[in-house]
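Coordinates as given in model25.cif (mmCIF, C-alpha atoms):
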```
data_structure
#
loop_
_atom_site.label_atom_id
_atom_site.label_comp_id
_atom_site.auth_asym_id
_atom_site.auth_seq_id
_atom_site.Cartn_x
_atom_site.Cartn_y
_atom_site.Cartn_z
CA MET Y 11 -10.70 -14.67 13.95
CA THR Y 12 -11.38 -11.55 16.02
CA ARG Y 13 -11.64 -8.65 13.61
CA ALA Y 14 -10.80 -5.05 14.34
CA TYR Y 15 -14.35 -3.75 14.09
CA ASP Y 16 -17.94 -4.85 13.84
CA GLU Y 17 -19.24 -6.18 10.53
CA ALA Y 18 -22.01 -3.58 10.60
CA TYR Y 19 -19.40 -0.90 9.81
CA VAL Y 20 -17.94 -2.73 6.83
CA PRO Y 21 -20.27 -1.42 4.05
CA ASP Y 22 -19.65 2.18 5.13
CA ALA Y 23 -15.90 1.55 5.33
CA MET Y 24 -15.90 0.04 1.83
CA GLN Y 25 -17.83 2.97 0.38
CA ALA Y 26 -15.58 5.54 2.08
CA LEU Y 27 -12.34 3.96 0.86
CA GLY Y 28 -13.81 3.49 -2.60
CA GLU Y 29 -14.70 7.17 -2.74
CA PHE Y 30 -11.25 8.05 -1.39
CA PHE Y 31 -9.32 6.39 -4.22
CA ASP Y 32 -11.86 7.49 -6.82
CA TYR Y 33 -11.60 11.12 -5.73
CA ALA Y 34 -7.81 11.09 -5.35
CA VAL Y 35 -7.19 9.73 -8.85
CA ASN Y 36 -10.14 10.84 -10.97
CA ASP Y 37 -10.93 14.23 -9.44
CA HIS Y 38 -7.70 15.42 -7.84
CA GLY Y 39 -5.48 13.83 -10.51
CA ALA Y 40 -3.07 12.08 -8.14
CA GLU Y 41 -1.09 8.97 -9.08
CA GLY Y 42 -2.84 5.98 -7.56
CA ASP Y 43 0.30 4.17 -6.46
CA GLU Y 44 1.60 7.29 -4.71
CA ILE Y 45 -1.69 7.76 -2.87
CA ALA Y 46 -1.63 4.10 -1.84
CA ASP Y 47 1.94 4.52 -0.51
CA LEU Y 48 1.00 7.62 1.49
CA PHE Y 49 -2.14 5.98 2.81
CA CYS Y 50 -0.23 2.89 3.95
CA MET Y 51 2.29 5.06 5.83
CA SER Y 52 -0.35 7.24 7.45
CA ALA Y 53 -1.91 7.36 10.88
CA LEU Y 54 -5.18 7.56 8.96
CA ALA Y 55 -4.68 4.03 7.61
CA GLN Y 56 -3.95 2.75 11.11
CA SER Y 57 -7.12 4.36 12.46
CA PHE Y 58 -9.12 3.03 9.51
CA GLY Y 59 -7.71 -0.47 9.94
CA ARG Y 60 -8.59 -0.45 13.63
CA GLY Y 61 -12.13 0.54 12.75
CA GLU Y 62 -12.17 3.82 14.64
CA PRO Y 63 -15.68 5.13 13.90
CA TRP Y 64 -14.57 8.62 12.84
CA ALA Y 65 -12.46 7.00 10.09
CA VAL Y 66 -14.64 4.18 8.78
CA VAL Y 67 -18.10 5.74 9.08
CA GLY Y 68 -17.57 9.39 10.00
CA LEU Y 69 -16.00 10.73 6.80
CA CYS Y 70 -16.70 10.51 3.09
CA GLY Y 71 -13.93 9.71 0.62
CA CYS Y 72 -13.17 13.35 -0.16
CA GLU Y 73 -12.88 14.12 3.56
CA LEU Y 74 -10.51 11.17 3.98
CA PHE Y 75 -8.37 12.62 1.19
CA VAL Y 76 -8.28 16.02 2.95
CA ARG Y 77 -7.32 14.29 6.19
CA LEU Y 78 -4.47 12.41 4.48
CA SER Y 79 -3.24 15.56 2.74
CA ARG Y 80 -3.12 17.51 5.98
CA GLU Y 81 -1.32 14.68 7.75
CA PHE Y 82 1.55 14.99 5.26
CA GLY Y 83 1.50 18.79 5.09
CA TYR Y 84 -0.05 19.21 1.65
CA ASP Y 85 -2.14 22.26 0.77
CA VAL Y 86 -5.84 21.44 0.71
CA ASP Y 87 -7.14 24.86 -0.33
CA GLY Y 88 -9.03 24.95 -3.58
CA LEU Y 89 -9.72 21.22 -3.90
CA VAL Y 90 -12.17 20.35 -6.64
CA GLU Y 91 -15.59 18.96 -5.82
CA PRO Y 92 -16.13 15.22 -6.30
CA GLY Y 93 -17.36 14.45 -9.79
CA VAL Y 94 -20.64 12.73 -10.56
CA ARG Y 95 -20.10 9.47 -12.44
CA MET Y 96 -22.74 7.15 -13.83
CA GLU Y 97 -20.70 4.03 -13.09
CA LYS Y 98 -18.22 3.01 -10.43
CA THR Y 99 -14.61 3.39 -11.57
CA PRO Y 100 -11.85 0.77 -11.23
CA GLU Y 101 -10.27 3.01 -8.57
CA TYR Y 102 -13.51 3.00 -6.62
CA TRP Y 103 -13.63 -0.80 -6.83
CA LEU Y 104 -10.04 -1.04 -5.61
CA GLY Y 105 -10.77 1.00 -2.49
CA TRP Y 106 -14.08 -0.74 -1.96
CA VAL Y 107 -12.65 -4.25 -2.05
CA ALA Y 108 -9.40 -3.30 -0.26
CA ALA Y 109 -11.42 -2.15 2.74
CA TYR Y 110 -13.24 -5.47 2.78
CA VAL Y 111 -10.09 -7.57 2.38
CA GLN Y 112 -8.26 -5.66 5.11
CA TRP Y 113 -11.17 -6.23 7.49
CA ARG Y 114 -11.72 -9.84 6.44
CA LEU Y 115 -8.08 -10.93 6.73
CA GLY Y 116 -7.14 -8.73 9.67
CA VAL Y 117 -3.94 -7.44 8.07
CA SER Y 118 -2.59 -3.91 7.85
CA PHE Y 119 -3.04 -1.91 4.66
CA ASP Y 120 0.75 -1.85 4.35
CA THR Y 121 0.83 -5.66 4.39
CA LEU Y 122 -2.06 -5.81 1.95
CA PHE Y 123 -0.52 -3.46 -0.61
CA SER Y 124 2.92 -5.02 -0.16
CA ALA Y 125 1.49 -8.39 -1.15
CA VAL Y 126 -0.61 -6.95 -3.97
CA PRO Y 127 0.79 -3.56 -5.06
CA TYR Y 128 -1.62 -0.89 -6.22
CA ASP Y 129 -1.10 -1.39 -9.96
CA GLU Y 130 -1.55 -5.15 -9.67
CA PHE Y 131 -4.63 -4.66 -7.52
CA LEU Y 132 -6.13 -2.28 -10.07
CA ALA Y 133 -5.40 -4.78 -12.85
CA LEU Y 134 -7.64 -7.28 -11.05
CA TYR Y 135 -10.65 -5.11 -11.85
CA THR Y 136 -11.35 -7.14 -14.97
CA PRO Y 137 -12.81 -9.67 -14.36
CA TRP Y 138 -12.68 -9.70 -10.56
CA HIS Y 139 -15.07 -6.77 -10.06
CA GLU Y 140 -17.83 -9.16 -11.08
CA SER Y 141 -16.81 -11.61 -8.32
CA SER Y 142 -17.75 -11.44 -4.68
CA GLU Y 143 -15.53 -9.63 -2.21
CA GLU Y 144 -15.00 -12.97 -0.47
CA ARG Y 145 -13.42 -14.45 -3.59
CA VAL Y 146 -11.07 -11.49 -3.87
CA ALA Y 147 -10.18 -11.92 -0.19
CA ALA Y 148 -9.38 -15.59 -0.86
CA LEU Y 149 -7.15 -14.56 -3.78
CA VAL Y 150 -5.26 -12.06 -1.63
CA ALA Y 151 -4.97 -14.55 1.22
CA GLU Y 152 -3.30 -17.01 -1.14
CA ARG Y 153 -0.90 -14.28 -2.29
CA LEU Y 154 -0.08 -13.45 1.33
CA ARG Y 155 0.68 -17.09 2.05
CA SER Y 156 3.03 -17.26 -0.91
CA VAL Y 157 4.88 -14.03 -0.21
CA LYS Y 158 8.21 -14.39 1.50
CA GLY Y 159 9.22 -12.27 4.44
CA ASP Y 160 10.67 -8.80 3.97
CA THR Y 161 13.86 -8.49 2.00
CA ARG Y 162 16.92 -7.27 3.83
CA LEU Y 163 16.53 -3.94 2.05
CA ALA Y 164 12.97 -3.57 3.35
CA LYS Y 165 13.99 -4.52 6.88
CA MET Y 166 16.82 -1.98 6.92
CA ARG Y 167 14.59 0.73 5.48
CA LYS Y 168 11.79 0.11 7.96
CA ARG Y 169 14.25 -0.01 10.83
CA LEU Y 170 15.07 3.63 10.11
CA GLY Y 171 11.45 4.56 9.52
CA LEU Y 172 12.02 5.56 5.90
CA SER Y 173 9.43 5.24 3.16
CA GLN Y 174 10.46 3.79 -0.18
CA ARG Y 175 10.12 7.26 -1.67
CA GLU Y 176 12.35 8.85 0.97
CA LEU Y 177 15.01 6.20 0.47
CA ALA Y 178 14.87 6.66 -3.29
CA TYR Y 179 15.37 10.42 -2.96
CA ARG Y 180 18.24 10.20 -0.50
CA ALA Y 181 20.08 7.45 -2.35
CA GLY Y 182 19.48 8.71 -5.89
CA VAL Y 183 17.97 5.36 -6.85
CA SER Y 184 14.64 5.18 -8.65
CA LEU Y 185 11.58 4.47 -6.58
CA ARG Y 186 10.57 1.75 -9.03
CA SER Y 187 13.90 -0.04 -8.56
CA ILE Y 188 13.50 -0.06 -4.79
CA GLN Y 189 9.95 -1.37 -5.15
CA MET Y 190 11.14 -4.08 -7.52
CA TYR Y 191 13.98 -5.11 -5.17
CA GLU Y 192 11.64 -5.28 -2.19
CA GLN Y 193 9.06 -7.25 -4.16
CA ARG Y 194 11.83 -9.58 -5.40
CA ASN Y 195 10.91 -8.78 -8.99
CA LYS Y 196 14.52 -7.65 -9.50
CA ASP Y 197 17.56 -9.31 -7.94
CA ILE Y 198 19.42 -6.81 -5.79
CA ASN Y 199 22.43 -9.16 -5.89
CA ARG Y 200 22.75 -8.33 -9.60
CA ALA Y 201 22.22 -4.58 -9.20
CA GLN Y 202 24.94 -2.06 -10.03
CA VAL Y 203 27.41 -1.87 -7.18
CA GLY Y 204 27.17 1.90 -7.08
CA SER Y 205 23.41 1.83 -6.56
CA VAL Y 206 23.63 -0.71 -3.75
CA ALA Y 207 26.48 1.26 -2.18
CA GLU Y 208 24.33 4.40 -2.12
CA LEU Y 209 21.44 2.48 -0.53
CA ALA Y 210 23.83 1.11 2.08
CA ARG Y 211 25.16 4.60 2.77
CA VAL Y 212 21.69 5.98 3.47
CA LEU Y 213 20.74 2.94 5.56
CA HIS Y 214 24.01 3.05 7.55
CA CYS Y 215 24.92 -0.54 6.77
CA CYS Y 216 27.30 -2.58 4.62
CA ILE Y 217 26.51 -3.59 1.06
CA GLU Y 218 26.54 -7.22 2.19
CA ASP Y 219 23.71 -6.46 4.61
CA LEU Y 220 21.40 -5.72 1.68
CA LEU Y 221 22.18 -8.77 -0.43
CA GLU Y 222 19.77 -11.68 -0.40
CA VAL Y 223 20.87 -15.18 0.58
CA ASP Y 224 19.63 -18.53 -0.66
CA VAL Y 225 17.20 -20.42 1.51
CA GLY Y 226 19.14 -22.64 3.87
CA GLN Y 227 22.22 -20.47 3.99
CA LEU Y 228 23.17 -19.14 7.40
CA ASP Y 229 22.76 -15.43 7.98
CA ASN Y 230 25.63 -14.15 10.06
CA GLY Y 231 23.77 -10.95 10.83
CA GLY Y 232 25.74 -8.68 8.55
CA CYS Y 233 29.32 -7.58 8.32
CA ALA Y 234 31.56 -6.65 11.14
#
```

If you took the structure in this file and wrote it as structure tokens, what would it be?
Amino acid sequence: MTRAYDEAYVPDAMQALGEFFDYAVNDHGAEGDEIADLFCMSALAQSFGRGEPWAVVGLCGCELFVRLSREFGYDVDGLVEPGVRMEKTPEYWLGWVAAYVQWRLGVSFDTLFSAVPYDEFLALYTPWHESSEERVAALVAERLRSVKGDTRLAKMRKRLGLSQRELAYRAGVSLRSIQMYEQRNKDINRAQVGSVAELARVLHCCIEDLLEVDVGQLDNGGCA
């Protein structure tokens, strides 16, 4: 496999992304899953995934956080200094190993965190932080192989360039519900009709276009 950047950059990339999540959650006080969502949507993540030197070796984690904040128009004045911790935090481990897995498997951060959402990834800390990064990469690779393609909801949302959070706001449906539908942890076919109707309204499609079909059934491409 041809990887996006040279292996020599990987340790620095792992440290930078580890510091990024550690700072965002434990110093700035952000919600980890929200930061992961923003990061996955960002041009910063694309540059990082491609191994552009300024992203993977040119900035520390705090500087990456400032870069992300500015990309989405957030105020970066008065940010706290990074704290000094005696031990690496679970958030640091998540960023550290996520950088390795993304490089090792050659997938986007969006694909990575779609297969293993932030909270699930963080829950791997015990006992996986004692394992090698290669074993974690093998675990994620297996998850990626088992994950089905995008749901119809995800495809419609991405077609319009909407984030899950934007869709949730516009449709008046909880972000968690949309995440659960797209991860197939909740069956959108059994959702309240009103909620699905609002999603369809925002996505400019029919309700039927968002419902999942059984494997083997023909997809007629939506309603007329």

Point to revise | Which residue of Y:Ala46, Y:Ala125, Y:Val67, Y:Ala53 approaches Y:Leu104 most closely, using all atoms listed in the file | key: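 Selected residue with least distance to Y:Leu104: Y:Ala46.
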
Point to revise | Output check: residues returned by the PyMOL selection byres ((chain Y and resi 54) around 9), as a VMD selection string | key: chain Y and resid 49 to 53 55 to 59 65 74 77 to 78 81

Practice item. Would you work out the distance separating atom CA of Y:Val66 from atom CA of Y:Ala23, expressed in Å to one decimal? Key: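 Spanning atom CA of Y:Val66 to atom CA of Y:Ala23 is a straight-line distance of 4.5 Å.
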
Check your understanding: In Å to one decimal, how far is atom CA of Y:Val76 from atom CA of Y:Ser173?
Key ->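 So the two atoms, atom CA of Y:Ser173 and atom CA of Y:Val76, lie 20.7 Å apart.
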
**Study point:** Coordinates-based distance that separates atom CA of Y:Gly105 from atom CA of Y:Asn195 (Å, one decimal)
**Key:**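 Between these atoms lies a distance of 24.7 Å.
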
Review point. Nearest to Y:Ser79: which of Y:Trp64, Y:Phe119, Y:Tyr128, Y:Phe30 is it, counting all atoms listed in the file?
Key: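 For Y:Ser79, the nearest of the given residues is Y:Phe30.
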
Point to revise | Target residues per the PyMOL selection byres ((chain Y and resi 132) around 12), formatted as a PyMOL selection string | key: chain Y and resi 31-32+42-43+46+99-108+123+126-131+133-139

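Residue selection for this entry, given the PyMOL selection byres ((chain Y and resi 37) around 8), comprises Asp32, Tyr33, Ala34, Val35, Asn36, His38, Gly39, Val90, Glu91, Pro92 and Gly93 of chain Y.
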
Review point. Which polymer residues, protein or nucleic acid, are no farther than 12 Å from (11.8, 6.8, -2.4), counting all atoms listed in the file, as a VMD selection string?
Key: chain Y and resid 44 47 to 48 164 167 172 to 189 209 212

Let me see the file: selected residues, C-alpha atoms, as a PDB file, in the frame of the given file.
```
ATOM      1  CA  GLU Y  44       1.600   7.290  -4.710  1.00  0.00           C
ATOM      2  CA  ASP Y  47       1.940   4.520  -0.510  1.00  0.00           C
ATOM      3  CA  LEU Y  48       1.000   7.620   1.490  1.00  0.00           C
ATOM      4  CA  ALA Y 164      12.970  -3.570   3.350  1.00  0.00           C
ATOM      5  CA  ARG Y 167      14.590   0.730   5.480  1.00  0.00           C
ATOM      6  CA  LEU Y 172      12.020   5.560   5.900  1.00  0.00           C
ATOM      7  CA  SER Y 173       9.430   5.240   3.160  1.00  0.00           C
ATOM      8  CA  GLN Y 174      10.460   3.790  -0.180  1.00  0.00           C
ATOM      9  CA  ARG Y 175      10.120   7.260  -1.670  1.00  0.00           C
ATOM     10  CA  GLU Y 176      12.350   8.850   0.970  1.00  0.00           C
ATOM     11  CA  LEU Y 177      15.010   6.200   0.470  1.00  0.00           C
ATOM     12  CA  ALA Y 178      14.870   6.660  -3.290  1.00  0.00           C
ATOM     13  CA  TYR Y 179      15.370  10.420  -2.960  1.00  0.00           C
ATOM     14  CA  ARG Y 180      18.240  10.200  -0.500  1.00  0.00           C
ATOM     15  CA  ALA Y 181      20.080   7.450  -2.350  1.00  0.00           C
ATOM     16  CA  GLY Y 182      19.480   8.710  -5.890  1.00  0.00           C
ATOM     17  CA  VAL Y 183      17.970   5.360  -6.850  1.00  0.00           C
ATOM     18  CA  SER Y 184      14.640   5.180  -8.650  1.00  0.00           C
ATOM     19  CA  LEU Y 185      11.580   4.470  -6.580  1.00  0.00           C
ATOM     20  CA  ARG Y 186      10.570   1.750  -9.030  1.00  0.00           C
ATOM     21  CA  SER Y 187      13.900  -0.040  -8.560  1.00  0.00           C
ATOM     22  CA  ILE Y 188      13.500  -0.060  -4.790  1.00  0.00           C
ATOM     23  CA  GLN Y 189       9.950  -1.370  -5.150  1.00  0.00           C
ATOM     24  CA  LEU Y 209      21.440   2.480  -0.530  1.00  0.00           C
ATOM     25  CA  VAL Y 212      21.690   5.980   3.470  1.00  0.00           C
TER      26      VAL Y 212
END
```

Point to revise | Nearest residue to Y:Gly159 from the set Y:Glu140, Y:Glu97, Y:Glu222, Y:Glu62 (distances using only C-alpha atoms) | key: Y:Glu222

What are the centre and the three edge lengths of an axis-aligned box that wraps all atoms of stretch 195-210 of chain Y in the file, given that 4 Å is added to every side, written as JSON and rounded to one decimal in Å?
```
{"center_x": 19.2, "center_y": -2.5, "center_z": -4.0, "size_x": 24.5, "size_y": 21.7, "size_z": 20.1}
```

**Study point:** Within-12 Å shell of (15.9, -9.8, -7.2) in input frame, only C-alpha atoms, as a PyMOL selection string
**Key:** chain Y and resi 161-163+187-201+220-224
